[in-house]
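In what follows, a structure is listed as structure tokens, so that the remarks can point back to it.
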Amino acid sequence: MSLPLLVGLALAGLALVAFFGAVLWINLRRRPARPPEIPAGMRPGPADEVLERGLFERLLGWNVLFVLFFAAWIPALWLREPSQNVADDLDLVSRAVDRGRQWFLPSSPENPFGYGCANCHGMNAEGGTTRFTAPDGELVPNYPVPPLNNVCGGPNTGHPQIKSIEDIRTTIMEGRQPETPMPSWSVRFEGPMSDQQIEDLIRYLVSIQQGVPDDQNVCTNPSAVVAAATPEAGASPTPTGGEASPGAEESPAESPSPTPTPTG
Ligand code: HEC
């Protein structure tokens, strides 16, 4: 073999090796990097977690914002609640007082729902007189009717039988017939009025008290009950059952007159 042929063969061999080496190198290098030959529409997309992450984070961000927004109102409402409750109560009381006055006044075209307490007790509950036929048949033309604008004073203002607001309720519900002209007013005692109407009347009476200092007011001051009841305790043994509900069906024996005359 001649030297040029040897060199030529060696060069050719080197070229061959270089060629295949290059082919190998290019294939080994490019294959893994190359995406598979899948049409774009059919290629598997990013995983759900990756895709939803942004969405999730946006939603959670809004959640936090909304929670903070609503949380900010809780103290605002909560701090207003006590005064709001008081205002609601006062509103209910003032409406009850208005209704009570309506029931109290005589029936008229302007006040068709009047029950006429005022016919006996006076237009402003200042007291008055009424005709009365006593149980023995005697006609009393001017039977004295007590004022109610100081009834909460109890014995201190000339109402010996009133020692608590409960006594006022009982008197209105059951009346004091037949010994006196005071009719029964509760439907529970054959009268015309519901419990609510009687509560309204009591609210009204409490609202119009005159000359009754708070320490003597048995309607609004629970300790006044004791103060007023103590001197009278021996005189009148009527037990008043404390905080008894208006529906106390205690004394069915003393059946009141079946026909109260609400509008005189
Ligand atoms: C027919 C007249 C008459 C009417 C109507 C009348 N009352 Fe009387 N009321 C009397 C008389 C009389 C007395 C006093 C009874 C007695 O001597 O114990 C009295 C007593 C009372 C008492 C107790 C007062 C006290 O000093 O013990 C209350 C409370 C009362 N009435 C509320 C009412 C209310 C409320 C109405 C309307 C729903 C009403 N009365 C309607 C005649 C009447």
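Ligands are numbered from 1 in the order shown, residues from 1 within each chain, and chains are lettered A, B, ... in the order they appear in the structure tokens.
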
Can you list every residue of stretch 89-149 of chain A that has an atom at most 12 Å from stretch 170-173 of chain A, with its nearest atom pair and the distance in Å to one decimal, using only C-alpha atoms, ordered by chain then number, as a Markdown table?
```
| residue | atom | partner | partner_atom | distance |
| --- | --- | --- | --- | --- |
| A:Phe104 | CA | A:Ile172 | CA | 11.6 |
| A:Cys117 | CA | A:Ile172 | CA | 10.1 |
| A:Leu148 | CA | A:Ile172 | CA | 11.5 |
```

Compile the contact shell of A:Gly175 as a count of residues only: residues with an atom at most 9 Å away, counting only C-alpha atoms, same-chain residues fewer than 4 positions apart removed. 12

Test item: residues no farther than 7 Å from ligand 1, counting only C-alpha atoms and all ligand atoms, as number ranges by chain: A: 103-104, 115-121, 130, 143-146, 148, 151, 158-162, 168-169, 171-172, 176, 180-183, 185, 201, 261-264

Would you mind writing down, as a PyMOL selection string, each residue of stretch 5-245 of chain A that DSSP on the backbone assigns to helix (DSSP H, G or I)? chain A and resi 5-33+40-42+48-104+117-121+151-157+165-174+187-189+195-207+214-216+222-232

Got time to write the residues from that selection, C-alpha atoms, as a compact mmCIF listing (two decimals), in the first residue's frame?
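The resulting result_19.txt:
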```
# COMPACT_ATOMS: atom_id res chain seq x y z
CA LEU A 5 -3.59 5.55 -0.23
CA LEU A 6 -3.04 4.85 3.45
CA VAL A 7 -3.49 8.50 4.34
CA GLY A 8 -6.54 8.62 2.06
CA LEU A 9 -8.07 5.57 3.74
CA ALA A 10 -7.30 6.96 7.18
CA LEU A 11 -8.87 10.28 6.24
CA ALA A 12 -11.87 8.52 4.76
CA GLY A 13 -12.13 6.42 7.91
CA LEU A 14 -11.89 9.49 10.06
CA ALA A 15 -14.48 11.22 7.92
CA LEU A 16 -16.77 8.20 8.26
CA VAL A 17 -16.32 8.11 12.02
CA ALA A 18 -16.78 11.83 12.21
CA PHE A 19 -19.89 11.59 10.05
CA PHE A 20 -21.53 8.84 12.09
CA GLY A 21 -20.31 10.41 15.26
CA ALA A 22 -21.89 13.65 14.21
CA VAL A 23 -25.13 11.90 13.22
CA LEU A 24 -25.16 10.08 16.53
CA TRP A 25 -24.37 13.23 18.45
CA ILE A 26 -27.02 15.26 16.67
CA ASN A 27 -29.64 12.56 17.24
CA LEU A 28 -28.73 12.01 20.84
CA ARG A 29 -28.72 15.73 21.46
CA ARG A 30 -31.89 16.74 19.67
CA ARG A 31 -34.28 13.89 20.28
CA PRO A 32 -35.07 14.45 23.95
CA ALA A 33 -35.40 18.18 23.47
CA ALA A 40 -51.18 21.29 18.80
CA GLY A 41 -54.85 20.59 19.49
CA MET A 42 -54.12 17.06 20.72
CA ASP A 48 -54.98 20.90 36.27
CA GLU A 49 -53.14 22.10 39.38
CA VAL A 50 -50.97 24.33 37.27
CA LEU A 51 -53.86 25.69 35.28
CA GLU A 52 -56.18 26.23 38.28
CA ARG A 53 -53.63 27.73 40.54
CA GLY A 54 -54.10 31.26 39.28
CA LEU A 55 -57.87 30.91 39.33
CA PHE A 56 -57.76 29.53 42.85
CA GLU A 57 -55.58 32.26 44.10
CA ARG A 58 -57.81 34.92 42.60
CA LEU A 59 -60.91 33.36 44.18
CA LEU A 60 -59.24 33.02 47.54
CA GLY A 61 -58.12 36.62 47.30
CA TRP A 62 -61.72 37.73 46.75
CA ASN A 63 -62.85 35.51 49.60
CA VAL A 64 -60.47 37.16 51.98
CA LEU A 65 -61.62 40.57 50.79
CA PHE A 66 -65.29 39.73 51.24
CA VAL A 67 -64.73 38.19 54.66
CA LEU A 68 -62.88 41.32 55.75
CA PHE A 69 -65.63 43.49 54.28
CA PHE A 70 -68.37 41.69 56.19
CA ALA A 71 -66.31 41.33 59.33
CA ALA A 72 -65.95 45.10 59.42
CA TRP A 73 -69.73 45.44 59.75
CA ILE A 74 -70.07 43.08 62.72
CA PRO A 75 -68.79 45.55 65.31
CA ALA A 76 -70.75 48.32 63.64
CA LEU A 77 -74.00 46.37 64.04
CA TRP A 78 -73.08 44.84 67.36
CA LEU A 79 -72.20 48.15 68.96
CA ARG A 80 -75.45 49.70 67.72
CA GLU A 81 -77.57 46.79 68.97
CA PRO A 82 -78.25 47.91 72.58
CA SER A 83 -79.38 51.41 71.61
CA GLN A 84 -81.35 49.96 68.72
CA ASN A 85 -83.15 47.59 71.11
CA VAL A 86 -83.94 50.44 73.48
CA ALA A 87 -85.26 52.53 70.61
CA ASP A 88 -87.42 49.61 69.41
CA ASP A 89 -88.80 49.10 72.90
CA LEU A 90 -89.59 52.78 73.32
CA ASP A 91 -91.31 52.74 69.96
CA LEU A 92 -93.43 49.73 70.96
CA VAL A 93 -94.30 51.36 74.28
CA SER A 94 -95.32 54.63 72.66
CA ARG A 95 -97.51 52.78 70.19
CA ALA A 96 -99.08 50.78 73.04
CA VAL A 97 -99.74 54.07 74.87
CA ASP A 98 -101.48 55.47 71.78
CA ARG A 99 -103.66 52.38 71.49
CA GLY A 100 -104.37 52.47 75.23
CA ARG A 101 -105.65 56.03 74.98
CA GLN A 102 -107.82 54.94 72.07
CA TRP A 103 -109.39 52.16 74.18
CA PHE A 104 -109.73 54.50 77.17
CA CYS A 117 -113.29 54.07 80.55
CA ALA A 118 -113.36 57.87 80.29
CA ASN A 119 -117.15 57.91 80.71
CA CYS A 120 -116.68 56.94 84.34
CA HIS A 121 -113.05 57.75 85.10
CA VAL A 151 -103.39 55.11 90.42
CA CYS A 152 -99.72 54.07 90.36
CA GLY A 153 -99.27 55.83 93.69
CA GLY A 154 -101.25 53.01 95.28
CA PRO A 155 -102.33 53.61 98.89
CA ASN A 156 -100.20 56.77 99.01
CA THR A 157 -102.47 58.53 96.50
CA ILE A 165 -99.16 46.95 88.80
CA GLU A 166 -100.58 43.44 89.06
CA ASP A 167 -103.49 44.79 91.14
CA ILE A 168 -104.28 47.29 88.37
CA ARG A 169 -104.24 44.49 85.83
CA THR A 170 -106.47 42.29 87.97
CA THR A 171 -108.95 45.12 88.59
CA ILE A 172 -109.23 45.90 84.87
CA MET A 173 -109.50 42.24 83.91
CA GLU A 174 -111.96 41.10 86.57
CA VAL A 187 -112.42 38.13 77.65
CA ARG A 188 -111.26 35.74 80.37
CA PHE A 189 -113.89 37.27 82.67
CA ASP A 195 -104.84 40.63 76.97
CA GLN A 196 -103.02 42.91 74.53
CA GLN A 197 -105.64 45.64 74.86
CA ILE A 198 -105.46 45.47 78.64
CA GLU A 199 -101.66 45.74 78.48
CA ASP A 200 -102.11 48.78 76.21
CA LEU A 201 -104.45 50.36 78.77
CA ILE A 202 -101.95 49.77 81.55
CA ARG A 203 -99.20 51.33 79.43
CA TYR A 204 -101.44 54.31 78.86
CA LEU A 205 -102.27 54.67 82.55
CA VAL A 206 -98.58 54.40 83.48
CA SER A 207 -97.78 57.12 80.94
CA ASP A 214 -90.86 57.52 91.47
CA ASP A 215 -90.18 56.13 94.94
CA GLN A 216 -93.96 55.73 95.39
CA PRO A 222 -90.61 47.45 92.14
CA SER A 223 -89.23 48.59 95.50
CA ALA A 224 -92.18 50.99 95.83
CA VAL A 225 -94.43 47.94 96.03
CA VAL A 226 -92.82 46.97 99.30
CA ALA A 227 -92.88 50.52 100.61
CA ALA A 228 -96.57 50.89 99.83
CA ALA A 229 -97.59 47.37 100.80
CA THR A 230 -95.97 47.27 104.20
CA PRO A 231 -98.26 49.75 106.00
CA GLU A 232 -101.33 48.16 104.40
```

DSSP strand (DSSP E) selection over stretch 24-235 of chain A, as a count of residues only: 13

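One distance worth recording is that between atom CA of A:Gly114 and atom CA of A:Pro141, which is 23.9 Å.
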
Can you tell me how far atom CA of A:Ser107 sits from atom CA of A:Met193, in Å to one decimal? 14.3 Å
